[in-house]
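*Asks:* The structure file entry-v6.txt (compact mmCIF, C-alpha atoms) is provided below.
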# COMPACT_ATOMS: atom_id res chain seq x y z
CA MET A 1011 0.00 0.00 0.00
CA HIS A 1012 2.57 2.81 2.12
CA ARG A 1013 3.88 7.36 4.83
CA HIS A 1014 2.13 5.95 2.56
CA PRO A 1015 1.78 4.08 2.34
CA THR A 1016 5.90 7.83 2.79
CA LEU A 1017 10.30 13.78 2.40
CA THR A 1018 11.09 17.40 2.14
CA LEU A 1019 10.38 18.86 -1.27
CA ARG A 1020 13.17 21.41 -1.56
CA SER A 1021 13.99 20.93 -5.20
CA GLN A 1022 12.09 22.00 -8.27
CA GLY A 1023 10.05 24.47 -6.30
CA GLY A 1024 8.75 22.10 -3.65
CA ASN A 1025 9.09 22.19 0.08
CA SER A 1026 6.70 19.79 1.77
CA ASP A 1027 7.33 16.38 3.19
CA VAL A 1028 5.67 13.31 1.76
CA ASP A 1029 5.92 11.37 5.00
CA GLY A 1030 5.39 14.04 7.58
CA VAL A 1031 5.55 17.71 8.36
CA VAL A 1032 4.74 20.20 5.63
CA VAL A 1033 6.97 23.26 5.81
CA THR A 1034 5.21 26.33 4.46
CA LYS A 1035 7.28 28.53 2.16
CA PRO A 1036 6.23 31.15 -0.35
CA ASP A 1037 7.51 29.15 -3.33
CA ARG A 1038 5.83 25.86 -2.42
CA ARG A 1039 4.58 24.08 -5.49
CA LEU A 1040 0.87 23.36 -5.27
CA SER A 1041 1.23 20.50 -7.73
CA TRP A 1042 3.05 18.32 -5.19
CA ASP A 1043 0.42 18.94 -2.55
CA VAL A 1044 -2.25 17.94 -5.08
CA VAL A 1045 -0.45 14.71 -6.02
CA ARG A 1046 0.07 13.82 -2.39
CA VAL A 1047 -3.57 14.47 -1.50
CA LEU A 1048 -4.81 12.51 -4.52
CA ALA A 1049 -2.77 9.48 -3.43
CA VAL A 1050 -3.98 9.63 0.18
CA LEU A 1051 -7.60 10.14 -0.89
CA ALA A 1052 -7.23 7.10 -3.16
CA VAL A 1053 -6.16 5.09 -0.10
CA ILE A 1054 -9.16 6.32 1.89
CA PHE A 1055 -11.54 5.67 -1.03
CA THR A 1056 -10.39 2.06 -1.32
CA HIS A 1057 -10.70 1.39 2.39
CA THR A 1058 -14.11 3.02 2.89
CA THR A 1059 -15.83 1.72 -0.23
CA TYR A 1060 -14.36 -1.76 -0.66
CA ILE A 1061 -11.89 -3.13 1.90
CA GLY A 1062 -13.97 -2.13 4.94
CA PRO A 1063 -17.19 -3.85 3.79
CA PHE A 1064 -15.15 -6.79 2.49
CA LEU A 1065 -13.54 -7.39 5.89
CA HIS A 1066 -16.66 -6.46 7.87
CA PRO A 1067 -19.75 -7.42 5.84
CA GLU A 1068 -22.03 -5.96 8.52
CA LEU A 1069 -21.05 -2.52 7.17
CA GLY A 1070 -22.86 -3.28 3.91
CA ALA A 1071 -21.88 -4.33 0.43
CA PRO A 1072 -18.77 -2.88 -1.26
CA LEU A 1073 -19.58 0.02 -3.57
CA GLY A 1074 -17.67 -1.51 -6.49
CA PRO A 1075 -16.43 -4.85 -7.86
CA TYR A 1076 -12.71 -4.04 -7.52
CA PRO A 1077 -10.59 -2.74 -4.63
CA PHE A 1078 -8.68 -0.36 -6.95
CA GLN A 1079 -5.61 -0.27 -4.73
CA VAL A 1080 -3.42 2.52 -6.08
CA GLY A 1081 -2.83 5.12 -3.37
CA ALA A 1082 -0.24 3.42 -1.14
CA SER A 1083 1.82 2.32 -4.14
CA VAL A 1084 1.91 5.85 -5.54
CA LEU A 1085 2.96 7.20 -2.14
CA LEU A 1086 5.97 4.86 -2.26
CA VAL A 1087 6.81 6.22 -5.73
CA ILE A 1088 6.64 9.80 -4.44
CA SER A 1089 8.77 8.84 -1.45
CA ALA A 1090 11.44 7.34 -3.73
CA TYR A 1091 11.40 10.48 -5.89
CA PHE A 1092 12.06 12.76 -2.93
CA VAL A 1093 14.76 10.51 -1.56
CA CYS A 1094 16.65 11.50 -4.72
CA VAL A 1095 15.77 15.16 -4.19
CA THR A 1096 16.92 15.37 -0.59
CA VAL A 1097 19.68 12.80 -0.06
CA ARG A 1098 22.17 14.89 -2.04
CA LYS A 1099 22.14 17.74 0.48
CA GLY A 1100 24.54 17.78 3.42
CA SER A 1101 25.56 14.84 5.57
CA THR A 1102 24.01 11.58 4.43
CA TYR A 1103 23.94 10.27 7.98
CA ARG A 1104 22.21 13.44 9.10
CA TRP A 1105 19.72 13.06 6.26
CA LEU A 1106 18.90 9.50 7.35
CA TRP A 1107 18.40 10.57 10.96
CA ARG A 1108 15.98 13.29 9.92
CA ARG A 1109 13.98 10.87 7.76
CA VAL A 1110 13.62 8.48 10.68
CA CYS A 1111 12.60 11.34 12.97
CA ARG A 1112 9.94 12.34 10.51
CA VAL A 1113 8.16 9.01 10.12
CA LEU A 1114 8.81 6.90 13.20
CA PRO A 1115 7.27 8.91 16.10
CA PRO A 1116 3.83 9.39 14.51
CA TYR A 1117 3.86 5.78 13.34
CA LEU A 1118 4.57 4.42 16.83
CA ILE A 1119 1.85 6.58 18.41
CA ALA A 1120 -0.62 5.58 15.68
CA VAL A 1121 0.12 1.88 16.31
CA VAL A 1122 -0.51 2.21 20.05
CA PHE A 1123 -3.62 4.37 19.53
CA THR A 1124 -5.16 2.00 16.97
CA TYR A 1125 -4.40 -1.02 19.16
CA LEU A 1126 -6.06 0.55 22.21
CA VAL A 1127 -9.09 1.80 20.29
CA VAL A 1128 -9.73 -1.60 18.72
CA VAL A 1129 -9.16 -3.58 21.93
CA LEU A 1130 -11.39 -1.26 23.96
CA PHE A 1131 -14.16 -0.40 21.52
CA ALA A 1132 -14.35 -2.98 18.72
CA PRO A 1133 -17.44 -5.22 18.58
CA ALA A 1134 -17.20 -8.75 19.89
CA ASN A 1135 -17.19 -10.38 16.44
CA TRP A 1136 -14.02 -8.56 15.30
CA ILE A 1137 -10.64 -10.27 15.47
CA LEU A 1138 -8.71 -8.31 18.08
CA PRO A 1139 -4.94 -7.73 17.89
CA THR A 1140 -2.82 -9.40 20.55
CA GLN A 1141 0.07 -8.01 22.57
CA ARG A 1142 2.37 -10.01 20.30
CA ASP A 1143 0.83 -8.21 17.31
CA LEU A 1144 1.42 -4.89 19.05
CA TRP A 1145 5.08 -5.67 19.69
CA ALA A 1146 5.65 -6.90 16.13
CA ASN A 1147 4.09 -3.73 14.71
CA LEU A 1148 6.07 -1.44 16.99
CA THR A 1149 9.32 -3.16 16.01
CA LEU A 1150 8.38 -3.16 12.30
CA ALA A 1151 8.78 -6.94 12.23
CA ALA A 1152 5.21 -7.94 11.38
CA SER A 1153 5.97 -8.56 7.69
CA PHE A 1154 8.64 -11.09 8.63
CA ASP A 1155 6.49 -13.10 11.05
CA PRO A 1156 3.51 -15.05 9.65
CA GLY A 1157 2.24 -15.58 13.19
CA VAL A 1158 1.27 -11.94 13.69
CA GLN A 1159 -1.06 -9.52 11.95
CA LEU A 1160 -0.71 -5.89 11.04
CA ILE A 1161 -2.76 -3.84 13.47
CA ASP A 1162 -3.69 -1.68 10.50
CA GLY A 1163 -3.28 -2.96 6.95
CA SER A 1164 -1.78 0.35 5.86
CA TYR A 1165 1.34 -0.22 7.94
CA TRP A 1166 3.00 -2.48 5.36
CA THR A 1167 4.66 0.54 3.73
CA LEU A 1168 6.57 1.80 6.78
CA PRO A 1169 9.28 -0.90 6.93
CA LEU A 1170 9.78 -0.57 3.18
CA GLN A 1171 10.23 3.18 3.40
CA LEU A 1172 12.74 2.94 6.23
CA MET A 1173 14.69 0.24 4.40
CA ALA A 1174 14.69 2.43 1.29
CA PHE A 1175 16.01 5.37 3.32
CA GLY A 1176 18.80 3.20 4.70
CA ALA A 1177 19.70 1.82 1.27
CA ALA A 1178 19.80 5.32 -0.21
CA ALA A 1179 22.01 6.58 2.60
CA LEU A 1180 24.48 3.74 2.01
CA LEU A 1181 24.49 3.79 -1.79
CA TRP A 1182 24.33 7.50 -2.58
CA PRO A 1183 27.86 8.44 -1.34
CA ARG A 1184 29.30 5.72 -3.58
CA GLY A 1185 27.61 7.08 -6.69
CA LEU A 1186 26.12 4.98 -9.48
CA GLY A 1187 26.61 7.23 -12.49
CA GLN A 1188 25.33 5.73 -15.73
CA ARG A 1189 24.82 2.38 -14.01
CA ILE A 1190 21.69 3.67 -12.30
CA THR A 1191 19.46 3.09 -15.34
CA THR A 1192 20.65 -0.52 -15.53
CA LEU A 1193 19.87 -0.89 -11.83
CA LEU A 1194 16.34 0.42 -12.40
CA TRP A 1195 15.62 -2.21 -15.04
CA ILE A 1196 16.97 -4.92 -12.75
CA MET A 1197 14.78 -3.69 -9.88
CA ILE A 1198 11.70 -3.89 -12.09
CA ILE A 1199 12.33 -7.09 -14.05
CA ALA A 1200 14.29 -9.35 -11.68
CA PRO A 1201 11.48 -9.82 -9.12
CA VAL A 1202 9.06 -10.67 -11.93
CA VAL A 1203 11.41 -13.34 -13.26
CA LEU A 1204 11.82 -14.78 -9.77
CA GLN A 1205 8.07 -14.93 -9.29
CA TRP A 1206 7.33 -16.60 -12.64
CA ASN A 1207 6.30 -20.25 -12.35
CA ASP A 1208 5.84 -19.67 -8.62
CA ARG A 1209 9.56 -19.90 -7.93
CA ILE A 1210 9.09 -18.01 -4.67
CA GLY A 1211 6.17 -20.23 -3.61
CA HIS A 1212 8.37 -23.31 -3.95
CA SER A 1213 11.35 -21.76 -2.17
CA PRO A 1214 12.35 -22.45 1.44
CA PHE A 1215 10.23 -20.74 4.05
CA TRP A 1216 12.95 -18.26 5.02
CA VAL A 1217 13.21 -17.16 1.37
CA GLN A 1218 9.47 -16.52 1.23
CA GLN A 1219 9.63 -14.52 4.45
CA ALA A 1220 12.58 -12.47 3.21
CA TRP A 1221 10.73 -11.86 -0.06
CA ASN A 1222 7.67 -10.50 1.73
CA GLY A 1223 9.49 -8.79 4.59
CA LEU A 1224 11.92 -6.94 2.35
CA GLY A 1225 9.15 -6.09 -0.11
CA LEU A 1226 11.09 -7.32 -3.14
CA HIS A 1227 7.84 -7.46 -5.12
CA ARG A 1228 7.53 -3.69 -4.57
CA LEU A 1229 10.92 -2.71 -5.99
CA GLN A 1230 9.33 -1.48 -9.21
CA LEU A 1231 7.64 1.33 -7.25
CA PHE A 1232 10.94 2.64 -5.92
CA ALA A 1233 12.54 2.21 -9.34
CA ILE A 1234 9.95 4.31 -11.17
CA GLY A 1235 10.20 7.02 -8.50
CA ILE A 1236 13.93 7.26 -9.19
CA ALA A 1237 13.24 7.19 -12.94
CA ILE A 1238 10.84 10.13 -12.69
CA TRP A 1239 13.51 12.09 -10.82
CA LEU A 1240 16.06 11.26 -13.54
CA TRP A 1241 13.60 12.45 -16.17
CA ALA A 1242 12.89 15.65 -14.22
CA GLN A 1243 16.67 16.22 -14.14
CA ARG A 1244 16.80 15.53 -17.92
CA ARG A 1245 19.13 12.60 -17.41
CA ILE A 1246 16.83 10.22 -19.31
CA GLY A 1247 14.44 10.96 -22.15
CA VAL A 1248 10.68 10.68 -22.28
CA VAL A 1249 10.84 7.47 -24.36
CA HIS A 1250 13.06 5.81 -21.77
CA LEU A 1251 10.76 6.98 -18.98
CA GLY A 1252 7.73 5.69 -20.89
CA ALA A 1253 9.36 2.27 -21.27
CA LEU A 1254 10.16 2.13 -17.56
CA LEU A 1255 6.62 3.20 -16.70
CA ALA A 1256 5.14 0.47 -18.92
CA ALA A 1257 7.49 -2.08 -17.35
CA THR A 1258 6.40 -0.91 -13.89
CA VAL A 1259 2.72 -1.41 -14.72
CA PHE A 1260 3.53 -4.84 -16.15
CA ALA A 1261 5.49 -5.80 -13.02
CA GLN A 1262 2.73 -4.54 -10.74
CA HIS A 1263 0.19 -6.68 -12.58
CA ALA A 1264 2.53 -9.69 -12.54
CA HIS A 1265 2.84 -9.47 -8.76
CA THR A 1266 -0.78 -8.64 -7.92
CA ALA A 1267 -2.89 -10.06 -10.79
CA ASP A 1268 -4.94 -6.86 -10.40
CA LEU A 1269 -5.08 -5.23 -13.81
CA PRO A 1270 -7.47 -2.33 -12.97
CA SER A 1271 -5.29 -1.22 -10.06
CA SER A 1272 -2.09 -1.64 -12.07
CA LEU A 1273 -3.48 0.54 -14.85
CA GLY A 1274 -4.69 3.06 -12.28
CA ILE A 1275 -1.18 3.26 -10.83
CA GLY A 1276 0.15 3.87 -14.35
CA ALA A 1277 -2.27 6.77 -14.83
CA LEU A 1278 -1.30 8.33 -11.50
CA LEU A 1279 2.39 7.93 -12.35
CA VAL A 1280 1.87 10.12 -15.40
CA ILE A 1281 0.40 12.78 -13.09
CA VAL A 1282 3.40 12.42 -10.75
CA ALA A 1283 5.76 12.90 -13.71
CA LEU A 1284 3.90 16.04 -14.78
CA ALA A 1285 4.18 17.41 -11.25
CA ALA A 1286 7.92 16.67 -11.26
CA ARG A 1287 8.79 18.46 -14.48
CA GLY A 1288 5.85 20.55 -15.61
CA PRO A 1289 4.72 24.03 -14.48
CA ASP A 1290 3.00 24.44 -11.15
CA TRP A 1291 -0.75 23.86 -11.10
CA THR A 1292 -1.74 27.39 -10.17
CA VAL A 1293 -5.13 26.85 -11.79
CA LEU A 1294 -6.09 25.31 -8.42
CA ASN A 1295 -5.08 28.37 -6.39
CA ARG A 1296 -8.68 28.95 -5.30
CA VAL A 1297 -8.62 25.72 -3.30
CA ARG A 1298 -4.99 25.99 -2.22
CA ARG A 1299 -5.72 26.23 1.51
CA PRO A 1300 -7.81 23.03 1.85
CA ILE A 1301 -5.32 21.18 -0.35
CA GLN A 1302 -2.42 22.36 1.79
CA PHE A 1303 -4.28 21.41 4.95
CA LEU A 1304 -4.92 17.87 3.71
CA ALA A 1305 -1.32 17.63 2.51
CA ARG A 1306 -0.10 18.69 5.94
CA ILE A 1307 -2.05 15.93 7.72
CA SER A 1308 -1.73 13.33 4.95
CA PHE A 1309 0.67 11.07 6.85
CA GLY A 1310 -1.72 11.01 9.79
CA LEU A 1311 -4.60 10.26 7.42
CA TYR A 1312 -2.65 7.37 5.98
CA LEU A 1313 -1.82 5.96 9.42
CA LEU A 1314 -5.32 6.22 10.91
CA ASN A 1315 -7.85 5.94 8.10
CA GLN A 1316 -8.29 2.18 7.84
CA VAL A 1317 -9.09 0.31 11.06
CA VAL A 1318 -10.09 3.40 13.03
CA GLY A 1319 -12.28 4.44 10.10
CA TYR A 1320 -13.96 1.04 10.05
CA LEU A 1321 -14.73 1.33 13.75
CA ILE A 1322 -16.24 4.81 13.36
CA ALA A 1323 -18.37 3.52 10.47
CA TYR A 1324 -19.52 0.56 12.56
CA ARG A 1325 -20.63 2.74 15.45
CA LEU A 1326 -22.49 5.04 13.07
CA MET A 1327 -24.19 1.98 11.59
CA GLU A 1328 -25.36 1.03 15.09
CA LEU A 1329 -26.96 4.47 15.33
CA GLY A 1330 -28.91 3.78 12.12
CA ALA A 1331 -26.75 5.72 9.67
CA GLY A 1332 -26.78 4.66 6.03
CA ARG A 1333 -23.71 3.60 4.09
CA LEU A 1334 -22.86 7.04 2.70
CA VAL A 1335 -23.27 8.68 6.11
CA GLN A 1336 -20.99 6.01 7.59
CA ILE A 1337 -18.34 6.81 5.00
CA ALA A 1338 -18.66 10.58 5.49
CA GLY A 1339 -18.54 10.24 9.26
CA ALA A 1340 -15.50 7.98 9.13
CA VAL A 1341 -13.64 10.40 6.85
CA ILE A 1342 -14.49 13.44 8.98
CA GLY A 1343 -13.52 11.62 12.17
CA VAL A 1344 -10.21 10.44 10.75
CA ILE A 1345 -9.40 13.95 9.47
CA GLY A 1346 -9.83 15.26 13.02
CA LEU A 1347 -7.64 12.52 14.49
CA ALA A 1348 -5.01 13.00 11.79
CA TRP A 1349 -4.87 16.72 12.59
CA LEU A 1350 -4.30 15.92 16.27
CA LEU A 1351 -1.57 13.41 15.42
CA THR A 1352 0.13 15.92 13.12
CA LYS A 1353 -0.07 18.92 15.44
CA TYR A 1354 0.74 17.25 18.75
CA VAL A 1355 2.97 14.33 17.75
CA GLU A 1356 4.43 14.49 14.26
CA GLU A 1357 5.46 18.13 14.07
CA PRO A 1358 6.77 18.63 17.64
CA ALA A 1359 8.56 15.25 17.62
CA TYR A 1360 10.31 16.16 14.39
CA ARG A 1361 11.30 19.60 15.67
CA GLY A 1362 12.62 18.12 18.89
CA LEU A 1363 14.49 15.12 17.47
CA ALA A 1364 15.72 16.22 14.04
CA GLY A 1365 17.94 18.94 15.48
CA LEU A 1366 19.76 16.63 17.87
CA ARG A 1367 23.41 15.99 17.15
CA VAL A 1368 23.65 12.21 17.02
CA ARG A 1369 27.05 10.86 17.92
CA GLY A 1370 28.50 7.63 19.16
CA LEU A 1371 28.70 4.11 17.85
CA GLY A 1372 25.86 4.51 15.34
CA ALA A 1373 27.46 7.51 13.64
CA ARG A 1374 30.87 5.83 13.56
CA ALA A 1375 29.41 2.62 12.15
CA PHE A 1376 27.60 4.53 9.41
CA ALA A 1377 30.75 6.46 8.53
CA TRP A 1378 32.68 3.16 8.34
CA LEU A 1379 30.06 1.66 6.00
CA ASN A 1380 30.48 4.62 3.66
CA THR A 1381 34.28 4.41 3.47
If you convert what's in this file into structure tokens, what do you get?

*Replies:*
Amino acid sequence: MHRHPTLTLRSQGGNSDVDGVVVTKPDRRLSWDVVRVLAVLAVIFTHTTYIGPFLHPELGAPLGPYPFQVGASVLLVISAYFVCVTVRKGSTYRWLWRRVCRVLPPYLIAVVFTYLVVVLFAPANWILPTQRDLWANLTLAASFDPGVQLIDGSYWTLPLQLMAFGAAALLWPRGLGQRITTLLWIMIIAPVVLQWNDRIGHSPFWVQQAWNGLGLHRLQLFAIGIAIWLWAQRRIGVVHLGALLAATVFAQHAHTADLPSSLGIGALLVIVALAARGPDWTVLNRVRRPIQFLARISFGLYLLNQVVGYLIAYRLMELGAGRLVQIAGAVIGVIGLAWLLTKYVEEPAYRGLAGLRVRGLGARAFAWLNT
């Protein structure tokens, strides 16, 4: 899916953070806020109209025949793009620390909050998370352990984002030069080849767990994010980008067998590319403030919209509300909670932690890895 769901937009006129705090500046590009909000709204749309009723039939029938899961994947693409934008500036170790400070505190609070809300207020027929589930989610180990469940299905993107941040911090100082385009093709095609004929399904259990835990079937999303940045920097042409985009859609379909969602991701990737290199979308200036507000709280929306939204919808159903009122109430409630998470956790935690001078064994180990 992907934070989600997952960086400061300081290049090409941008200055907001895909995974956390939005920093207001006069030259902020509205186009990036729009793309970010579109992706998060796509996540909410899927959860409220399809996944929620599918998991909890008492909420009513899904409003469509397909889940149309596109939002979290596109958020990973945007995150990869802005890794390229921001990792080049200053100390790489410092950059990594700031990325962790931006995503981890609100995630940890959201995990605990969702766990408590579900345990205390969920109806008796819901499957409740255990303390083992809570620990696995807090330690970001849930994807590696088949014996636990994600407390919220959206949380699958967080470990992938943090691993991508770490990989970027290690690889960027070494430089890839012209080899980067070859690497992108490998990232897109190699997992598809490995998955053909169910090679992964017939592999040892530890291989299957590493495959899922490391998100190797999501590499195409990070690859196309890097490719869009290369195109925005005019380091690859539009034909090359188009080929990589088509390969990404093909890989997404190969891994998910969900053609409508794969095509939807392709369409949104074109919009992301236009935001990266085209002029700002000032035609939307009249609705700039609500767009900026939703962009500011988008990480909180991503973290809280699913399970908490289902619970709000369920309680509204008990009060006699119809399906559309349930959806509207869930969205409004989650917006309020996301604003609280952003204002009182995400932003102050980032301000307090990102400025710390981190020394010691961790800094020395990172410096050694980059020698």

*Asks:* What does the structure give for the distance between CA of Gly1235 (chain A) and CA of Asp1290 (chain A), in Å to one decimal?

*Replies:*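 Straight-line distance from CA of Gly1235 (chain A) to CA of Asp1290 (chain A) works out to 19.0 Å.
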
*Asks:* Which residue, A:Ala1331, A:Leu1086, A:Leu1226, A:Ala1237, has the smallest gap to Pro1201 (chain A) when you use all atoms listed in the file?

*Replies:*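 Nearest candidate to Pro1201 (chain A) out of A:Ala1331, A:Leu1086, A:Leu1226, A:Ala1237: A:Leu1226.
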
*Asks:* Can you work out which one of A:Ile1345, A:Ala1134, A:Leu1329, A:Ala1178 has the shortest atom-to-atom distance to Ile1054 (chain A), counting only C-alpha atoms?

*Replies:*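 So, comparing all the options, the nearest one is A:Ile1345.
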
*Asks:* Just the residues within 10 Å of region 1067-1077 of chain A, please, counting only C-alpha atoms, with nothing from its chain fewer than 3 positions along; format it as a list of chain:residue names.

*Replies:* A:Phe1055, A:Thr1056, A:His1057, A:Thr1058, A:Thr1059, A:Tyr1060, A:Ile1061, A:Gly1062, A:Pro1063, A:Phe1064, A:Val1080, A:Asp1268, A:Leu1269, A:Pro1270, A:Ser1271, A:Tyr1320, A:Leu1321, A:Ala1323, A:Tyr1324, A:Arg1325, A:Leu1326, A:Met1327, A:Glu1328, A:Gly1332, A:Arg1333, A:Leu1334, A:Gln1336, A:Ile1337

*Asks:* Could you save those same residues with C-alpha atoms as a PDB file, keeping the file's coordinate frame?

*Replies:*
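Result file result_16.pdb:
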ATOM      1  CA  PHE A1055     -11.540   5.670  -1.030  1.00  0.00           C
ATOM      2  CA  THR A1056     -10.390   2.060  -1.320  1.00  0.00           C
ATOM      3  CA  HIS A1057     -10.700   1.390   2.390  1.00  0.00           C
ATOM      4  CA  THR A1058     -14.110   3.020   2.890  1.00  0.00           C
ATOM      5  CA  THR A1059     -15.830   1.720  -0.230  1.00  0.00           C
ATOM      6  CA  TYR A1060     -14.360  -1.760  -0.660  1.00  0.00           C
ATOM      7  CA  ILE A1061     -11.890  -3.130   1.900  1.00  0.00           C
ATOM      8  CA  GLY A1062     -13.970  -2.130   4.940  1.00  0.00           C
ATOM      9  CA  PRO A1063     -17.190  -3.850   3.790  1.00  0.00           C
ATOM     10  CA  PHE A1064     -15.150  -6.790   2.490  1.00  0.00           C
ATOM     11  CA  VAL A1080      -3.420   2.520  -6.080  1.00  0.00           C
ATOM     12  CA  ASP A1268      -4.940  -6.860 -10.400  1.00  0.00           C
ATOM     13  CA  LEU A1269      -5.080  -5.230 -13.810  1.00  0.00           C
ATOM     14  CA  PRO A1270      -7.470  -2.330 -12.970  1.00  0.00           C
ATOM     15  CA  SER A1271      -5.290  -1.220 -10.060  1.00  0.00           C
ATOM     16  CA  TYR A1320     -13.960   1.040  10.050  1.00  0.00           C
ATOM     17  CA  LEU A1321     -14.730   1.330  13.750  1.00  0.00           C
ATOM     18  CA  ALA A1323     -18.370   3.520  10.470  1.00  0.00           C
ATOM     19  CA  TYR A1324     -19.520   0.560  12.560  1.00  0.00           C
ATOM     20  CA  ARG A1325     -20.630   2.740  15.450  1.00  0.00           C
ATOM     21  CA  LEU A1326     -22.490   5.040  13.070  1.00  0.00           C
ATOM     22  CA  MET A1327     -24.190   1.980  11.590  1.00  0.00           C
ATOM     23  CA  GLU A1328     -25.360   1.030  15.090  1.00  0.00           C
ATOM     24  CA  GLY A1332     -26.780   4.660   6.030  1.00  0.00           C
ATOM     25  CA  ARG A1333     -23.710   3.600   4.090  1.00  0.00           C
ATOM     26  CA  LEU A1334     -22.860   7.040   2.700  1.00  0.00           C
ATOM     27  CA  GLN A1336     -20.990   6.010   7.590  1.00  0.00           C
ATOM     28  CA  ILE A1337     -18.340   6.810   5.000  1.00  0.00           C
TER      29      ILE A1337
END

*Asks:* Quick one: distance from CA of Ala1305 (chain A) to CA of Arg1108 (chain A) in Å, one decimal?

*Replies:*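 Calculated distance between CA of Ala1305 (chain A) and CA of Arg1108 (chain A) is 19.3 Å.
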
*Asks:* Quick one: distance from CA of Ala1082 (chain A) to CA of Gln1243 (chain A) in Å, one decimal?

*Replies:* 24.9 Å

*Asks:* Looking at A:Thr1167, A:Ser1272, A:Thr1102, A:Thr1258, which one is nearest to Asn1147 (chain A), with distances taken over only C-alpha atoms?

*Replies:*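 Checking each of A:Thr1167, A:Ser1272, A:Thr1102, A:Thr1258 against Asn1147 (chain A), counting only C-alpha atoms, the winner is A:Thr1167.
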
*Asks:* Could you pull the residues within 12 Å of Ile1198 (chain A), counting only C-alpha atoms, minus those fewer than 6 positions along the same chain, as a list of chain:residue names?

*Replies:* A:Thr1191, A:Thr1192, A:Leu1204, A:Gln1205, A:Leu1226, A:His1227, A:Arg1228, A:Leu1229, A:Gln1230, A:Leu1231, A:Phe1232, A:Ala1233, A:Ile1234, A:Gly1235, A:Ile1236, A:Ala1237, A:Ala1253, A:Leu1254, A:Leu1255, A:Ala1256, A:Ala1257, A:Thr1258, A:Val1259, A:Phe1260, A:Ala1261, A:Gln1262, A:His1263, A:Ala1264, A:His1265

*Asks:* Could you check the closest approach to Ala1285 (chain A) for each of A:Pro1116, A:Ala1267, A:Asp1143, A:Ala1242 and tell me which residue wins, using all atoms listed in the file?

*Replies:*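 Among A:Pro1116, A:Ala1267, A:Asp1143, A:Ala1242, it is A:Ala1242 that comes nearest to Ala1285 (chain A).
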
*Asks:* Tell me which of A:Val1318, A:Val1341, A:Val1249, A:Val1095 sits closest to Thr1124 (chain A), counting all atoms listed in the file.

*Replies:*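 The closest residue to Thr1124 (chain A) is A:Val1318.
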
*Asks:* So, with all atoms listed in the file as the atoms that count, which of A:Asp1155, A:Asp1043, A:Asp1162, A:Glu1357 lies closest to Phe1303 (chain A)?

*Replies:*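 Smallest separation from Phe1303 (chain A) among the options: A:Asp1043.
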